[in-house]
Amino acid sequence: MSPSGEKATAAGVYDWFLGGRYAREADIEAAIASQRAFPVLARTVLYNRQFLQRVVRYLVGQGGRQFLDLGSGYPSSGNVHEIAQELAPGARVVYVDHEQGTVDVGREILAGNPDATSILGDVRDPEGVLNHPEVGELLDFTEPVGVLMIAVLHFLPDTAEAARIVRRYVDHLAPGSYLAISHGTYAAGARELANQTATNETYNRQVSESAYTRTFAEIESLFAGTTLVPPGLVLATEWHPEDPAHEHDDEDEASAVLAGGVGRVDPRG
Ligand SMILES: C[S@@+](CC[C@H](N)C(=O)[O-])C[C@H]1O[C@@H](n2cnc3c(N)ncnc32)[C@H](O)[C@@H]1O
């Protein structure tokens with residue numbers, strides 16, 4: 001909490017790591033404290049953002065023209081609509097976040113873009129999101145939709161409940177749709193794990209949404225109803241790296257704490 005009594009938000013803290021255009025005092029303090037506890041955190045945030053961008057390019061390459069971005073955050077450069085609409089003009093994007101500030105900024109930026117919008121919604125309320133009038137106006141769920149849950153599910157404390165929530169979205173999607181998830185995970189080594197626990201504690205003390213780290217097996221359970229596309233659930237840096245010469249760096253702590261994968265919605269059985 002800042003001296004003004006304000007609590008930081010996940011959206012503001014994340015924004016600070018990406019350049020900090022919209023972060024407020026409480027966000028900046030929480031971000032700096034988390035960065036002290038886990039000094040490579042800024043790099044993890046960057047890796048997450050790069051994963052998101054690679055996923056959107058991949059999905060457009062698979063013919064994807066509709067995106068539902070849940071827990072979208074403040075619009076940063078290289079956002080989903082910029083990438084998708086550059087590659088596929090007319091691609092439709094709905095951003096959803098529970099932070100009013102991100103929605104206000106998003107709507108300002110997207111005014112004049114008939115194919116993208118930003119709405120207030122809670123990822124834990126799939127029916128509320130899916131039945132939102134603006135979602136219905138922009139997205140046609142009889143056709144494939146790419147649902148993005150990038151760095152948002154680690155704000156849901158209970159894994160079984162998180163899996164039930166994700167499944168309600170998946171069950172609403174046409175076969176051939178995709179679900180992309182990135183999620184905080186455990187670093188391989190004990191030293192990193194100790195750092196990570198300290199970071200979570202620091203973050204959760206100051207930020208209104210607490211973050212929960214999950215194992216690979218727990219994260220994989222969130223993909224029920226889909227089949228993971230190769231290479232499966234991996235460290236996010238290792239998912240379709242842009243550089244063909246990319247080699248995983250075992251020493252890179254920032255990479256070791258973020259898992260990412262994309263599942264293709266199975267045909268109805
Ligand atoms: C770490 S940021 C990730 C932003 C973006 N998805 C990305 O990866 O670049 C997490 C975002 O999820 C939002 N969020 C957290 N819990 C949420 C919930 N229950 N419903 C909707 N949004 C939520 C936060 O407000 C924040 O903007």
# chains A, B, ... in the order shown; residues from 1 in each chain; ligands from 1
$ residues_near_ligand --ligand "ligand 1" --cutoff "9 Å" --atoms "only C-alpha atoms and all ligand atoms" --output "PyMOL selection string"
chain A and resi 9-15+45-46+48-53+69-76+79+96-102+120-125+148-156+182+209-210
$ residues_around --residues "Ala160 of chain A" --least-positions-apart "2" --cutoff "9 Å" --atoms "only C-alpha atoms" --output "mmCIF file with C-alpha atoms, in the first residue's frame"
data_model
loop_
_atom_site.group_PDB
_atom_site.id
_atom_site.type_symbol
_atom_site.label_atom_id
_atom_site.label_comp_id
_atom_site.auth_asym_id
_atom_site.auth_seq_id
_atom_site.Cartn_x
_atom_site.Cartn_y
_atom_site.Cartn_z
ATOM 1 C CA ASP A 158 -7.846 -22.706 -6.570
ATOM 2 C CA ALA A 162 -9.668 -22.232 -12.343
ATOM 3 C CA ALA A 163 -9.960 -25.350 -14.532
ATOM 4 C CA ARG A 164 -13.772 -25.290 -14.228
ATOM 5 C CA ILE A 165 -13.827 -21.629 -15.253
ATOM 6 C CA GLU A 218 -1.497 -28.126 -12.606
ATOM 7 C CA SER A 221 -4.985 -29.410 -16.269
ATOM 8 C CA LEU A 222 -6.297 -25.978 -17.314
#
$ residues_around --residues "Pro114 of chain A" --least-positions-apart "5" --cutoff "10 Å" --atoms "only C-alpha atoms" --output "PyMOL selection string"
chain A and resi 90+92-93+138
$ write_last_selection --atoms "N, CA, C and O atoms" --output "PDB file, in the first residue's frame"
ATOM      1  N   GLY A  90      -9.152  -6.474 -40.511  1.00  0.00           N
ATOM      2  CA  GLY A  90     -10.532  -6.889 -40.228  1.00  0.00           C
ATOM      3  C   GLY A  90     -10.611  -7.926 -39.115  1.00  0.00           C
ATOM      4  O   GLY A  90     -11.712  -8.293 -38.705  1.00  0.00           O
ATOM      5  N   ARG A  92     -10.966  -9.418 -35.581  1.00  0.00           N
ATOM      6  CA  ARG A  92     -11.756  -8.819 -34.500  1.00  0.00           C
ATOM      7  C   ARG A  92     -11.202  -9.209 -33.121  1.00  0.00           C
ATOM      8  O   ARG A  92     -10.835 -10.383 -32.919  1.00  0.00           O
ATOM      9  N   VAL A  93     -11.144  -8.223 -32.257  1.00  0.00           N
ATOM     10  CA  VAL A  93     -10.514  -8.433 -30.949  1.00  0.00           C
ATOM     11  C   VAL A  93     -11.381  -7.808 -29.858  1.00  0.00           C
ATOM     12  O   VAL A  93     -11.767  -6.643 -29.964  1.00  0.00           O
ATOM     13  N   LEU A 138     -19.104  -8.374 -31.807  1.00  0.00           N
ATOM     14  CA  LEU A 138     -17.827  -8.512 -32.538  1.00  0.00           C
ATOM     15  C   LEU A 138     -17.437  -9.956 -32.824  1.00  0.00           C
ATOM     16  O   LEU A 138     -16.778 -10.225 -33.821  1.00  0.00           O
TER      17      LEU A 138
END
$ closest_residue --among "A:Ala30, A:Leu41, A:Leu18, A:Ile83" --to "Ala254 of chain A" --atoms "only C-alpha atoms"
A:Leu41
$ select_by_dssp --residues "segment 107-161 of chain A" --states "strand (DSSP E)" --output "JSON, numbers by chain"
{"A": [116, 117, 118, 119, 120, 146, 147, 148, 149, 150]}
$ closest_residue --among "A:Val40, A:Phe67, A:Thr237, A:Val257" --to "Tyr186 of chain A" --atoms "only C-alpha atoms"
A:Val257
